[in-house]
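Report on one structure; see the data block that follows.
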Amino acid sequence: MRPPLQFRALVLTAADRGEDDRLLGLLTPERGRVTALARRARGSRRRFGAALEPFRLVEAALRPTDGGLFFLEGAATLEAPLGVDPGFDEMASAWLCLELAAAFAVADHPQVELFELVLGGLRRLGLRREGAAAVRQSVLWGTLALSGWAPDLERCAACGSPGPWAGVALDADRGGLLCGKCLPPGGRALPGSAAEHWAALARGLPAGAGEDGAEAALLRFVERHAGRPLRSA
């Protein structure tokens, strides 16, 4: 029998399995996305306590199997980054952070930067020193950047013209920014300030809530590259 390995892990998902087991989706810096089965979890508070809930940062003892599944032998809570009483906006944004991690993390591959991005987003939401919209948009953009899908904001992806523009749009099909002149029929142009908002996100600057419609356009762009809608959005 293989010995368990010790990892710091963020609990992304947790679902009951059978009469007493719990199936977990975890994000680790060293192994990326991990699926782990905690056997007899609901009857073993001594081994797991309250560690098997989403948003927890835990120290996990994971024993690998030949099929890629891990058995969770033990887990101890290291941190609850959201705090004890998050508000509705903070909780909704935190779920989006976890769903982004589950959608973009690669299994059996180091994901140090994504791990720190998501954990940092949860901590920022827990502190409530900035708006939840600003935090979740920075995590959205950061996830795109780490995945190599961040759009070029300097030139129109269709005609190549440089900004600034009076109207802009994000186009997932072309993988970048469109100026107002290159929008497809029926497409909606956002004010040019939306591009400035996305540029601030790309530079890691405080971006606030952003232009009306800028977050929705960014979300659609992310969902296209995730390959599915994000339910928490």
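By order of appearance in the structure tokens: chains A, B, ..., then residues from 1 within every chain, and ligands from 1 in the order shown.
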Contacts of Glu99 (chain A) within 12 Å, only C-alpha atoms, excl. fewer than 3 positions in-chain, as a ChimeraX atom specification: /A:10-13,25-27,33,54-55,92-96,102-105,118,136,139-140,143,222-223,226,228-233
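If you look at CA of Gly148 (chain A) and CA of Arg56 (chain A), they are 27.5 Å away from each other.
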May I have a table of the residues of region 110-228 of chain A lying at most 8 Å from region 63-84 of chain A, giving each one's closest pair of atoms and their distance in Å to one decimal, counting only C-alpha atoms, ordered by chain and ascending residue number, as JSON lines?
```
{"residue": "A:Leu119", "atom": "CA", "partner": "A:Pro81", "partner_atom": "CA", "distance": 7.4}
{"residue": "A:Leu122", "atom": "CA", "partner": "A:Pro81", "partner_atom": "CA", "distance": 5.7}
{"residue": "A:Arg123", "atom": "CA", "partner": "A:Pro81", "partner_atom": "CA", "distance": 4.8}
{"residue": "A:Leu125", "atom": "CA", "partner": "A:Leu82", "partner_atom": "CA", "distance": 6.3}
{"residue": "A:Gly126", "atom": "CA", "partner": "A:Leu82", "partner_atom": "CA", "distance": 4.0}
{"residue": "A:Leu127", "atom": "CA", "partner": "A:Leu82", "partner_atom": "CA", "distance": 7.6}
```
Produce a file of the selected residues containing all heavy atoms, as a PDB file, in the first residue's frame.
```pdb
ATOM      1  N   LEU A 119      -6.829  31.313  -3.722  1.00  0.00           N
ATOM      2  CA  LEU A 119      -6.754  31.500  -2.271  1.00  0.00           C
ATOM      3  C   LEU A 119      -6.694  32.983  -1.927  1.00  0.00           C
ATOM      4  O   LEU A 119      -7.366  33.442  -0.991  1.00  0.00           O
ATOM      5  CB  LEU A 119      -5.536  30.767  -1.724  1.00  0.00           C
ATOM      6  CG  LEU A 119      -5.260  30.923  -0.222  1.00  0.00           C
ATOM      7  CD1 LEU A 119      -6.447  30.453   0.612  1.00  0.00           C
ATOM      8  CD2 LEU A 119      -3.995  30.169   0.173  1.00  0.00           C
ATOM      9  N   LEU A 122     -10.167  34.504  -2.223  1.00  0.00           N
ATOM     10  CA  LEU A 122     -11.013  34.180  -1.074  1.00  0.00           C
ATOM     11  C   LEU A 122     -10.634  35.021   0.144  1.00  0.00           C
ATOM     12  O   LEU A 122     -11.511  35.501   0.875  1.00  0.00           O
ATOM     13  CB  LEU A 122     -10.885  32.693  -0.741  1.00  0.00           C
ATOM     14  CG  LEU A 122     -11.383  31.701  -1.795  1.00  0.00           C
ATOM     15  CD1 LEU A 122     -11.153  30.272  -1.319  1.00  0.00           C
ATOM     16  CD2 LEU A 122     -12.847  31.927  -2.124  1.00  0.00           C
ATOM     17  N   ARG A 123      -9.343  35.209   0.357  1.00  0.00           N
ATOM     18  CA  ARG A 123      -8.909  36.025   1.497  1.00  0.00           C
ATOM     19  C   ARG A 123      -9.351  37.474   1.336  1.00  0.00           C
ATOM     20  O   ARG A 123      -9.775  38.104   2.312  1.00  0.00           O
ATOM     21  CB  ARG A 123      -7.382  35.943   1.629  1.00  0.00           C
ATOM     22  CG  ARG A 123      -6.880  34.611   2.177  1.00  0.00           C
ATOM     23  CD  ARG A 123      -5.382  34.504   2.053  1.00  0.00           C
ATOM     24  NE  ARG A 123      -4.857  33.328   2.752  1.00  0.00           N
ATOM     25  CZ  ARG A 123      -3.633  32.849   2.570  1.00  0.00           C
ATOM     26  NH1 ARG A 123      -2.811  33.434   1.684  1.00  0.00           N
ATOM     27  NH2 ARG A 123      -3.227  31.788   3.232  1.00  0.00           N
ATOM     28  N   LEU A 125     -11.940  38.542  -0.312  1.00  0.00           N
ATOM     29  CA  LEU A 125     -13.386  38.581  -0.062  1.00  0.00           C
ATOM     30  C   LEU A 125     -13.675  38.521   1.433  1.00  0.00           C
ATOM     31  O   LEU A 125     -14.590  39.196   1.926  1.00  0.00           O
ATOM     32  CB  LEU A 125     -14.064  37.418  -0.780  1.00  0.00           C
ATOM     33  CG  LEU A 125     -14.111  37.507  -2.305  1.00  0.00           C
ATOM     34  CD1 LEU A 125     -14.533  36.174  -2.908  1.00  0.00           C
ATOM     35  CD2 LEU A 125     -15.056  38.614  -2.765  1.00  0.00           C
ATOM     36  N   GLY A 126     -12.920  37.712   2.167  1.00  0.00           N
ATOM     37  CA  GLY A 126     -13.123  37.598   3.602  1.00  0.00           C
ATOM     38  C   GLY A 126     -12.804  38.881   4.346  1.00  0.00           C
ATOM     39  O   GLY A 126     -13.450  39.212   5.345  1.00  0.00           O
ATOM     40  N   LEU A 127     -11.814  39.634   3.868  1.00  0.00           N
ATOM     41  CA  LEU A 127     -11.428  40.883   4.534  1.00  0.00           C
ATOM     42  C   LEU A 127     -12.438  42.005   4.278  1.00  0.00           C
ATOM     43  O   LEU A 127     -12.540  42.935   5.083  1.00  0.00           O
ATOM     44  CB  LEU A 127     -10.049  41.322   4.048  1.00  0.00           C
ATOM     45  CG  LEU A 127      -8.875  40.469   4.514  1.00  0.00           C
ATOM     46  CD1 LEU A 127      -7.590  40.898   3.807  1.00  0.00           C
ATOM     47  CD2 LEU A 127      -8.707  40.550   6.026  1.00  0.00           C
TER      48      LEU A 127
END
```
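Between CA of Glu215 (chain A) and CA of Gln111 (chain A) there is a distance of 25.1 Å.
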